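One structure is given below, encoded as structure tokens.
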Amino acid sequence: MKVLIGTFVTESNANVPNMATIVNYDIAFGDELIRKMGVKDIYDEAQIDIIPSIYADAGGNGVVSLDAFNYIESCFVNSVKEHLHELDGIYLFLHGASEVEKIGSGDHHILKEIRKIVGPYLPIAIVCDPHGNLCQEYVDNCTILRSYRESPHTDAQESKRIVSKMLCDLLHDRQNIHAIYRKLPLILGGEQSVSTDEPVLSINKYMDEMEKDPRVRSASWHVGYLRHDCDVAGCGIVVVPQNSEDQEYCEQKADELAKYVWDKRHEFHYTGLTAEPDEAIKMALDVKEGIAFITDSGDNTTSGAPGWNTFVLRQFLALKDLQKKVIFATICDPKTYKELLEYEDGSEAHINLGVGYDEYSAPVALDVIVKCKGPITGFMYRDHNKAYAHCVVVNVKGTPIDIMVADGRFAVVEVHQFKDAGVLLENYDIAIVKQGYIFPELKEIGALCVMSLTMGATIQDTKKIPYKRIMRPMYPIDNI
């Protein structure tokens, strides 16, 4: 037996001016694709051969350009057409939060085109990020659809392997099963649905118990993605039956899971500490021992923000007699990064840091000392030895403030990324990172972790986002 595999990942933030073009994607084919997807041994054990299509990962980014998407989709479509005569199934990692100019959801479009080619019965299994949007047609085109549980996504790779195993089991015992979908009139941001907190902790336990039922193949809750206005935004429930005779039973289980989540709608909240920007800084300055992390939530690069806001930097520069050692990881300014490359380590430079796109990214004139240069490497399931961006680390002359000036928007969320860039976290008292919720490694070492409710491309209050196309009524925008 043979299974075609591939990946398409984009978290499309429509609130940033730059589109995701083909140069923003980590592209792989053949053996390199197979290595990156990390599921080959599952199929080997099941004696199923893998056929690679395309691996395309742009992470958090802007709306996808039509040219870039057409190329990526054509790679999927051409691979399916070429191998149609020998395919027994398809396994895809489709993130779920892409938005393509003139098209809408790229994830939905890819699956729709593939289903046209293979017909209604060939098994298609999809693993996805919980921060992706669904619709009835998309789920109907899936045989198996399951998101990961954890946010931050510490179980991403495990979930990919779970879904691969589900597909292998299905191929050895073919059943005419269909994924079951329930849409909820509930829209949430990732910072309100962290899995170490309630109510997500209980929701995940509920789904884990459901999957112990021999009649349920999988159960998942899809938080959705809210950074572009679309008619498929909002939470969803997906339950997949084990066998064809379990379809009606799982329809009932889907209703029960949907009710369980809906009844907890008043319990969703921002995880951990949150504070207005001035208060967040005061809290960090008051920490007596250990490192304090401030997340610049309005410029959250993990959710597609550009990472170029200088607002928090200007807050710190305005402080009198700052004694704490501070590191900014990072501020994205490709032009200034390029200028700094011309300077040797230890030399002085005058820069205007900030792209000046809006009031949040206003330029700041700085005299700096170049400290070092280094890569910004991958985190979580991405390659940890690959440079996804680059930075020059500078010290603001006469202050204890250091800045990682980057050439691209790529989040720094794990300790090794600091070290790879030449930054030792133990040398600092305060670190400002471009995240929403804090990621596990940083949370573990932080004496304080506080989410600063800054403004920008990823503002946290969904009531302030001017949606026009979403389903209404929608909680908490509407009081249901």
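Each chain in the structure tokens gets a letter, A, B and so on, in the order shown; residues start at 1 in every chain, and ligands are counted from 1 in the order they appear.
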Write out, as CSV, each residue of segment 224-309 of chain A that has an atom at most 9 Å from segment 473-478 of chain A, together with the closest pair of atoms and their distance in Å to one decimal, counting only C-alpha atoms, rows going by chain and rising number.
```
residue,atom,partner,partner_atom,distance
A:Gly234,CA,A:Met474,CA,8.2
A:Arg265,CA,A:Tyr475,CA,8.0
A:His266,CA,A:Pro476,CA,8.7
```
May I have the residues from that selection written out with all heavy atoms, as a CSV table (one decimal), in the first residue's frame?
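The result, written out as out.csv:
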```csv
chain,number,residue,atom,x,y,z
A,234,GLY,N,-14.3,30.8,14.0
A,234,GLY,CA,-15.0,30.3,15.2
A,234,GLY,C,-14.7,28.9,15.5
A,234,GLY,O,-14.0,28.2,14.8
A,265,ARG,N,-18.3,28.4,28.1
A,265,ARG,CA,-17.9,29.6,27.4
A,265,ARG,C,-17.6,30.8,28.3
A,265,ARG,O,-16.8,31.6,28.0
A,265,ARG,CB,-19.0,30.1,26.4
A,265,ARG,CG,-20.4,30.5,27.0
A,265,ARG,CD,-21.4,30.6,25.9
A,265,ARG,NE,-22.7,31.0,26.4
A,265,ARG,CZ,-23.6,30.2,27.0
A,265,ARG,NH1,-23.3,28.9,27.1
A,265,ARG,NH2,-24.8,30.6,27.4
A,266,HIS,N,-18.2,30.8,29.5
A,266,HIS,CA,-18.0,31.9,30.4
A,266,HIS,C,-16.7,31.8,31.2
A,266,HIS,O,-16.2,32.7,31.9
A,266,HIS,CB,-19.1,32.1,31.4
A,266,HIS,CG,-20.5,32.4,30.8
A,266,HIS,ND1,-20.7,33.6,30.2
A,266,HIS,CD2,-21.6,31.6,30.6
A,266,HIS,CE1,-22.0,33.5,29.7
A,266,HIS,NE2,-22.5,32.3,29.9
```
Neighbour list for Ile403 of chain A as a ChimeraX atom specification, cut-off 10 Å, only C-alpha atoms, skip fewer than 6 positions in-chain: /A:313,326-331,368,370-371,391-396,431-432
Please produce a file of the residues just selected, as a short mmCIF file (atom, residue, chain, number, x, y, z; two decimals), in the first residue's frame, where the atoms kept are all heavy atoms.
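Below you can see part.cif, which holds the result:
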```cif
data_model
loop_
_atom_site.label_atom_id
_atom_site.label_comp_id
_atom_site.auth_asym_id
_atom_site.auth_seq_id
_atom_site.Cartn_x
_atom_site.Cartn_y
_atom_site.Cartn_z
N LEU A 313 9.99 49.14 23.63
CA LEU A 313 11.35 49.71 23.69
C LEU A 313 11.29 51.17 24.13
O LEU A 313 12.08 51.61 24.99
CB LEU A 313 12.03 49.59 22.33
CG LEU A 313 13.38 50.29 22.19
CD1 LEU A 313 14.41 49.72 23.16
CD2 LEU A 313 13.88 50.21 20.74
N VAL A 326 18.26 44.36 30.29
CA VAL A 326 17.08 44.07 29.48
C VAL A 326 17.50 43.57 28.10
O VAL A 326 18.44 44.10 27.50
CB VAL A 326 16.21 45.34 29.33
CG1 VAL A 326 14.97 45.04 28.50
CG2 VAL A 326 15.82 45.90 30.69
N ILE A 327 16.78 42.57 27.59
CA ILE A 327 17.01 42.07 26.23
C ILE A 327 15.69 42.06 25.47
O ILE A 327 14.67 41.60 26.01
CB ILE A 327 17.64 40.65 26.21
CG1 ILE A 327 17.89 40.18 24.78
CG2 ILE A 327 16.82 39.66 27.00
CD1 ILE A 327 18.98 40.87 24.05
N PHE A 328 15.68 42.61 24.26
CA PHE A 328 14.52 42.57 23.37
C PHE A 328 14.74 41.47 22.33
O PHE A 328 15.71 41.51 21.59
CB PHE A 328 14.31 43.92 22.67
CG PHE A 328 13.65 44.94 23.53
CD1 PHE A 328 14.39 45.65 24.47
CD2 PHE A 328 12.29 45.19 23.43
CE1 PHE A 328 13.79 46.60 25.28
CE2 PHE A 328 11.68 46.13 24.24
CZ PHE A 328 12.43 46.84 25.17
N ALA A 329 13.79 40.53 22.27
CA ALA A 329 13.93 39.40 21.36
C ALA A 329 12.63 39.19 20.59
O ALA A 329 11.77 38.47 21.06
CB ALA A 329 14.29 38.14 22.15
N THR A 330 12.52 39.78 19.46
CA THR A 330 13.43 40.64 18.73
C THR A 330 12.67 41.89 18.31
O THR A 330 11.46 41.99 18.55
CB THR A 330 13.95 39.94 17.45
OG1 THR A 330 12.83 39.69 16.57
CG2 THR A 330 14.59 38.60 17.76
N ILE A 331 13.35 42.81 17.61
CA ILE A 331 12.66 43.86 16.87
C ILE A 331 13.04 43.71 15.41
O ILE A 331 14.21 43.74 15.05
CB ILE A 331 13.01 45.26 17.40
CG1 ILE A 331 12.47 45.42 18.84
CG2 ILE A 331 12.41 46.35 16.50
CD1 ILE A 331 12.78 46.74 19.48
N VAL A 368 24.41 52.82 19.34
CA VAL A 368 24.51 51.44 19.80
C VAL A 368 25.94 50.92 19.66
O VAL A 368 26.75 51.46 18.89
CB VAL A 368 23.55 50.51 19.02
CG1 VAL A 368 22.10 50.95 19.20
CG2 VAL A 368 23.91 50.45 17.54
N VAL A 370 27.69 47.29 18.70
CA VAL A 370 27.43 45.97 18.13
C VAL A 370 28.09 44.92 19.01
O VAL A 370 29.29 44.97 19.28
CB VAL A 370 27.94 45.88 16.68
CG1 VAL A 370 27.74 44.46 16.15
CG2 VAL A 370 27.22 46.90 15.81
N LYS A 371 27.30 43.94 19.46
CA LYS A 371 27.82 42.90 20.35
C LYS A 371 28.14 41.60 19.61
O LYS A 371 29.20 41.02 19.77
CB LYS A 371 26.83 42.63 21.48
CG LYS A 371 26.58 43.84 22.39
CD LYS A 371 25.69 43.51 23.57
CE LYS A 371 26.40 42.61 24.57
NZ LYS A 371 25.58 42.45 25.81
N CYS A 391 19.92 37.89 13.15
CA CYS A 391 19.87 39.10 13.96
C CYS A 391 21.27 39.62 14.25
O CYS A 391 22.26 38.88 14.18
CB CYS A 391 19.12 38.86 15.27
SG CYS A 391 19.99 37.82 16.46
N VAL A 392 21.33 40.92 14.57
CA VAL A 392 22.51 41.55 15.11
C VAL A 392 22.13 42.04 16.51
O VAL A 392 21.15 42.76 16.67
CB VAL A 392 22.98 42.74 14.25
CG1 VAL A 392 24.20 43.41 14.89
CG2 VAL A 392 23.31 42.28 12.83
N VAL A 393 22.90 41.61 17.50
CA VAL A 393 22.62 42.00 18.88
C VAL A 393 23.40 43.27 19.18
O VAL A 393 24.63 43.32 18.99
CB VAL A 393 23.00 40.88 19.86
CG1 VAL A 393 22.62 41.28 21.29
CG2 VAL A 393 22.33 39.57 19.47
N VAL A 394 22.69 44.29 19.65
CA VAL A 394 23.33 45.57 19.97
C VAL A 394 22.98 46.00 21.39
O VAL A 394 21.94 45.60 21.94
CB VAL A 394 22.90 46.68 18.99
CG1 VAL A 394 23.28 46.32 17.55
CG2 VAL A 394 21.41 46.98 19.09
N ASN A 395 23.87 46.79 21.96
CA ASN A 395 23.59 47.44 23.24
C ASN A 395 23.32 48.91 22.98
O ASN A 395 24.01 49.55 22.20
CB ASN A 395 24.78 47.31 24.19
CG ASN A 395 24.66 48.20 25.42
OD1 ASN A 395 25.34 49.21 25.52
ND2 ASN A 395 23.75 47.84 26.32
N VAL A 396 22.26 49.43 23.59
CA VAL A 396 21.98 50.86 23.50
C VAL A 396 22.98 51.56 24.41
O VAL A 396 22.98 51.37 25.63
CB VAL A 396 20.54 51.18 23.91
CG1 VAL A 396 20.30 52.70 23.83
CG2 VAL A 396 19.55 50.45 23.01
N ALA A 431 13.36 40.12 29.93
CA ALA A 431 13.36 39.80 28.50
C ALA A 431 11.99 40.13 27.93
O ALA A 431 10.97 39.74 28.49
CB ALA A 431 13.70 38.33 28.26
N ILE A 432 12.00 40.86 26.81
CA ILE A 432 10.76 41.19 26.11
C ILE A 432 10.69 40.34 24.87
O ILE A 432 11.59 40.38 24.01
CB ILE A 432 10.67 42.69 25.75
CG1 ILE A 432 10.61 43.55 27.02
CG2 ILE A 432 9.41 42.96 24.90
CD1 ILE A 432 11.96 43.90 27.59
#
```
If we count only C-alpha atoms, what is near segment 249-258 of chain A at a cut-off of 12 Å, once residues fewer than 2 positions away on the same chain are taken out, given as a PyMOL selection string? chain A and resi 177-186+202-211+213-223+235-247+260-265
Applying 10 Å and only C-alpha atoms, which residues near Ile430 of chain A remain after dropping the ones on its own chain fewer than 6 positions away? List them as a VMD selection string. chain A and resid 281 284 to 285 287 290 to 294 324 to 328 401 446 to 449
Could you please take those selected residues and save N, CA, C and O atoms as a tab-separated table (two decimals), in the first residue's frame?
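Listing of selection_19.tsv after writing:
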```
chain	number	residue	atom	x	y	z
A	281	ILE	N	5.47	46.66	32.94
A	281	ILE	CA	6.86	47.06	33.18
A	281	ILE	C	7.12	47.21	34.67
A	281	ILE	O	8.16	46.75	35.18
A	284	ALA	N	7.65	43.87	36.22
A	284	ALA	CA	8.95	43.28	35.89
A	284	ALA	C	10.07	43.94	36.68
A	284	ALA	O	11.00	43.27	37.15
A	285	LEU	N	10.00	45.25	36.83
A	285	LEU	CA	11.02	45.97	37.58
A	285	LEU	C	11.01	45.60	39.06
A	285	LEU	O	12.05	45.69	39.73
A	287	VAL	N	10.58	42.65	40.32
A	287	VAL	CA	11.09	41.30	40.58
A	287	VAL	C	12.47	41.40	41.23
A	287	VAL	O	13.38	42.04	40.70
A	290	GLY	N	15.92	36.61	39.69
A	290	GLY	CA	15.51	35.82	38.54
A	290	GLY	C	15.09	36.71	37.38
A	290	GLY	O	15.04	37.95	37.48
A	291	ILE	N	14.77	36.07	36.27
A	291	ILE	CA	14.43	36.81	35.05
A	291	ILE	C	12.92	36.97	34.92
A	291	ILE	O	12.15	36.06	35.23
A	292	ALA	N	12.51	38.15	34.48
A	292	ALA	CA	11.09	38.43	34.22
A	292	ALA	C	10.87	38.49	32.71
A	292	ALA	O	11.67	39.10	31.99
A	293	PHE	N	9.82	37.85	32.23
A	293	PHE	CA	9.46	37.87	30.81
A	293	PHE	C	8.22	38.73	30.62
A	293	PHE	O	7.20	38.54	31.30
A	294	ILE	N	8.32	39.67	29.69
A	294	ILE	CA	7.17	40.46	29.25
A	294	ILE	C	6.86	40.05	27.82
A	294	ILE	O	7.75	40.09	26.95
A	324	LYS	N	18.06	47.45	35.74
A	324	LYS	CA	17.88	46.08	35.28
A	324	LYS	C	18.47	45.89	33.88
A	324	LYS	O	18.35	46.76	33.02
A	325	LYS	N	19.08	44.72	33.65
A	325	LYS	CA	19.59	44.38	32.33
A	325	LYS	C	18.45	43.81	31.49
A	325	LYS	O	17.77	42.87	31.91
A	326	VAL	N	18.26	44.36	30.29
A	326	VAL	CA	17.08	44.07	29.48
A	326	VAL	C	17.50	43.57	28.10
A	326	VAL	O	18.44	44.10	27.50
A	327	ILE	N	16.78	42.57	27.59
A	327	ILE	CA	17.01	42.07	26.23
A	327	ILE	C	15.69	42.06	25.47
A	327	ILE	O	14.67	41.60	26.01
A	328	PHE	N	15.68	42.61	24.26
A	328	PHE	CA	14.52	42.57	23.37
A	328	PHE	C	14.74	41.47	22.33
A	328	PHE	O	15.71	41.51	21.59
A	401	ILE	N	20.26	48.16	28.14
A	401	ILE	CA	19.28	47.59	27.19
A	401	ILE	C	20.00	47.01	25.98
A	401	ILE	O	20.75	47.72	25.30
A	446	GLY	N	11.09	31.56	34.20
A	446	GLY	CA	10.71	32.93	34.51
A	446	GLY	C	10.29	33.11	35.97
A	446	GLY	O	9.41	32.39	36.45
A	447	ALA	N	10.91	34.06	36.64
A	447	ALA	CA	10.43	34.42	37.98
A	447	ALA	C	9.09	35.15	37.88
A	447	ALA	O	8.29	35.13	38.81
A	448	LEU	N	8.88	35.78	36.72
A	448	LEU	CA	7.61	36.45	36.40
A	448	LEU	C	7.38	36.33	34.91
A	448	LEU	O	8.31	36.50	34.12
A	449	CYS	N	6.16	36.03	34.53
A	449	CYS	CA	5.76	36.05	33.12
A	449	CYS	C	4.47	36.87	33.04
A	449	CYS	O	3.46	36.47	33.64
```
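Atom to atom, atom CA of Gly60 of chain A and atom CA of Ala125 of chain A stand 23.4 Å apart.
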Residue with smallest distance to Ile50 of chain A - pool A:Asn15, A:Asp140, A:Thr21, A:Ser164, counting only C-alpha atoms: A:Ser164
Tell me, as a PyMOL selection string, which residues lie within 12 Å of Pro440 of chain A, counting only C-alpha atoms; anything in the same chain fewer than 4 positions away does not count. chain A and resi 150-154+194-196+379-380+413-415+444-446+449
Show me a table, sorted first by chain and then by increasing residue number, of the residues of segment 208-278 of chain A having an atom at most 12 Å from segment 308-312 of chain A, each with its shortest atom pair and the distance in Å to one decimal, counting only C-alpha atoms and written as a Markdown table.
```
| residue | atom | partner | partner_atom | distance |
| --- | --- | --- | --- | --- |
| A:Glu276 | CA | A:Val312 | CA | 11.5 |
| A:Pro277 | CA | A:Val312 | CA | 7.8 |
| A:Asp278 | CA | A:Val312 | CA | 9.2 |
```
Kindly export the residues of the current selection with N, CA, C and O atoms, as a PDB file, in the first residue's frame.
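Contents of selection32.pdb, as written:
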```
ATOM      1  N   GLU A 276      -1.904  46.078  31.745  1.00  0.00           N
ATOM      2  CA  GLU A 276      -1.710  47.179  30.814  1.00  0.00           C
ATOM      3  C   GLU A 276      -0.205  47.456  30.712  1.00  0.00           C
ATOM      4  O   GLU A 276       0.554  47.164  31.645  1.00  0.00           O
ATOM      5  N   PRO A 277       0.256  48.008  29.591  1.00  0.00           N
ATOM      6  CA  PRO A 277       1.701  48.114  29.335  1.00  0.00           C
ATOM      7  C   PRO A 277       2.515  48.761  30.450  1.00  0.00           C
ATOM      8  O   PRO A 277       3.577  48.241  30.817  1.00  0.00           O
ATOM      9  N   ASP A 278       2.054  49.869  31.017  1.00  0.00           N
ATOM     10  CA  ASP A 278       2.825  50.515  32.079  1.00  0.00           C
ATOM     11  C   ASP A 278       2.918  49.633  33.326  1.00  0.00           C
ATOM     12  O   ASP A 278       3.969  49.546  33.975  1.00  0.00           O
TER      13      ASP A 278
END
```
Residues near Gly96 of chain A, anyone? I mean within 7 Å using only C-alpha atoms, not counting same-chain ones fewer than 2 positions away, as a PyMOL selection string. chain A and resi 94+98+107+128-129+132-133
Using all heavy atoms, can you write the selected residues to a file as a compact mmCIF listing (two decimals), in the first residue's frame?
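Written out: again-v1.txt:
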```txt
# COMPACT_ATOMS: atom_id res chain seq x y z
N LEU A 94 -2.27 20.16 7.37
CA LEU A 94 -2.80 21.45 6.92
C LEU A 94 -3.13 22.26 8.15
O LEU A 94 -4.04 21.93 8.91
CB LEU A 94 -4.06 21.25 6.06
CG LEU A 94 -3.89 20.42 4.77
CD1 LEU A 94 -5.23 20.32 4.05
CD2 LEU A 94 -2.84 21.02 3.86
N SER A 98 -4.80 29.54 7.01
CA SER A 98 -4.32 30.31 5.86
C SER A 98 -5.45 31.16 5.27
O SER A 98 -6.62 30.82 5.35
CB SER A 98 -3.76 29.38 4.78
OG SER A 98 -4.80 28.64 4.19
N ASP A 107 -6.13 26.13 2.86
CA ASP A 107 -6.26 24.75 3.34
C ASP A 107 -7.51 24.10 2.74
O ASP A 107 -7.47 22.98 2.23
CB ASP A 107 -6.37 24.74 4.87
CG ASP A 107 -5.31 25.57 5.54
OD1 ASP A 107 -5.50 26.80 5.64
OD2 ASP A 107 -4.30 25.00 5.96
N CYS A 128 -4.08 18.90 12.18
CA CYS A 128 -4.08 20.36 12.05
C CYS A 128 -3.82 21.02 13.40
O CYS A 128 -3.91 20.40 14.46
CB CYS A 128 -5.41 20.84 11.46
SG CYS A 128 -6.86 20.38 12.43
N ASP A 129 -3.49 22.29 13.31
CA ASP A 129 -3.32 23.13 14.48
C ASP A 129 -4.71 23.46 15.03
O ASP A 129 -5.63 23.69 14.26
CB ASP A 129 -2.59 24.42 14.04
CG ASP A 129 -2.09 25.26 15.20
OD1 ASP A 129 -2.94 25.72 15.99
OD2 ASP A 129 -0.87 25.48 15.28
N GLY A 132 -7.01 26.81 13.82
CA GLY A 132 -7.39 26.82 12.41
C GLY A 132 -8.89 26.79 12.29
O GLY A 132 -9.60 26.33 13.19
N ASN A 133 -9.39 27.27 11.15
CA ASN A 133 -10.84 27.37 10.95
C ASN A 133 -11.37 26.22 10.10
O ASN A 133 -10.71 25.78 9.16
CB ASN A 133 -11.17 28.71 10.27
CG ASN A 133 -10.87 29.89 11.17
OD1 ASN A 133 -11.14 29.86 12.37
ND2 ASN A 133 -10.29 30.94 10.61
```
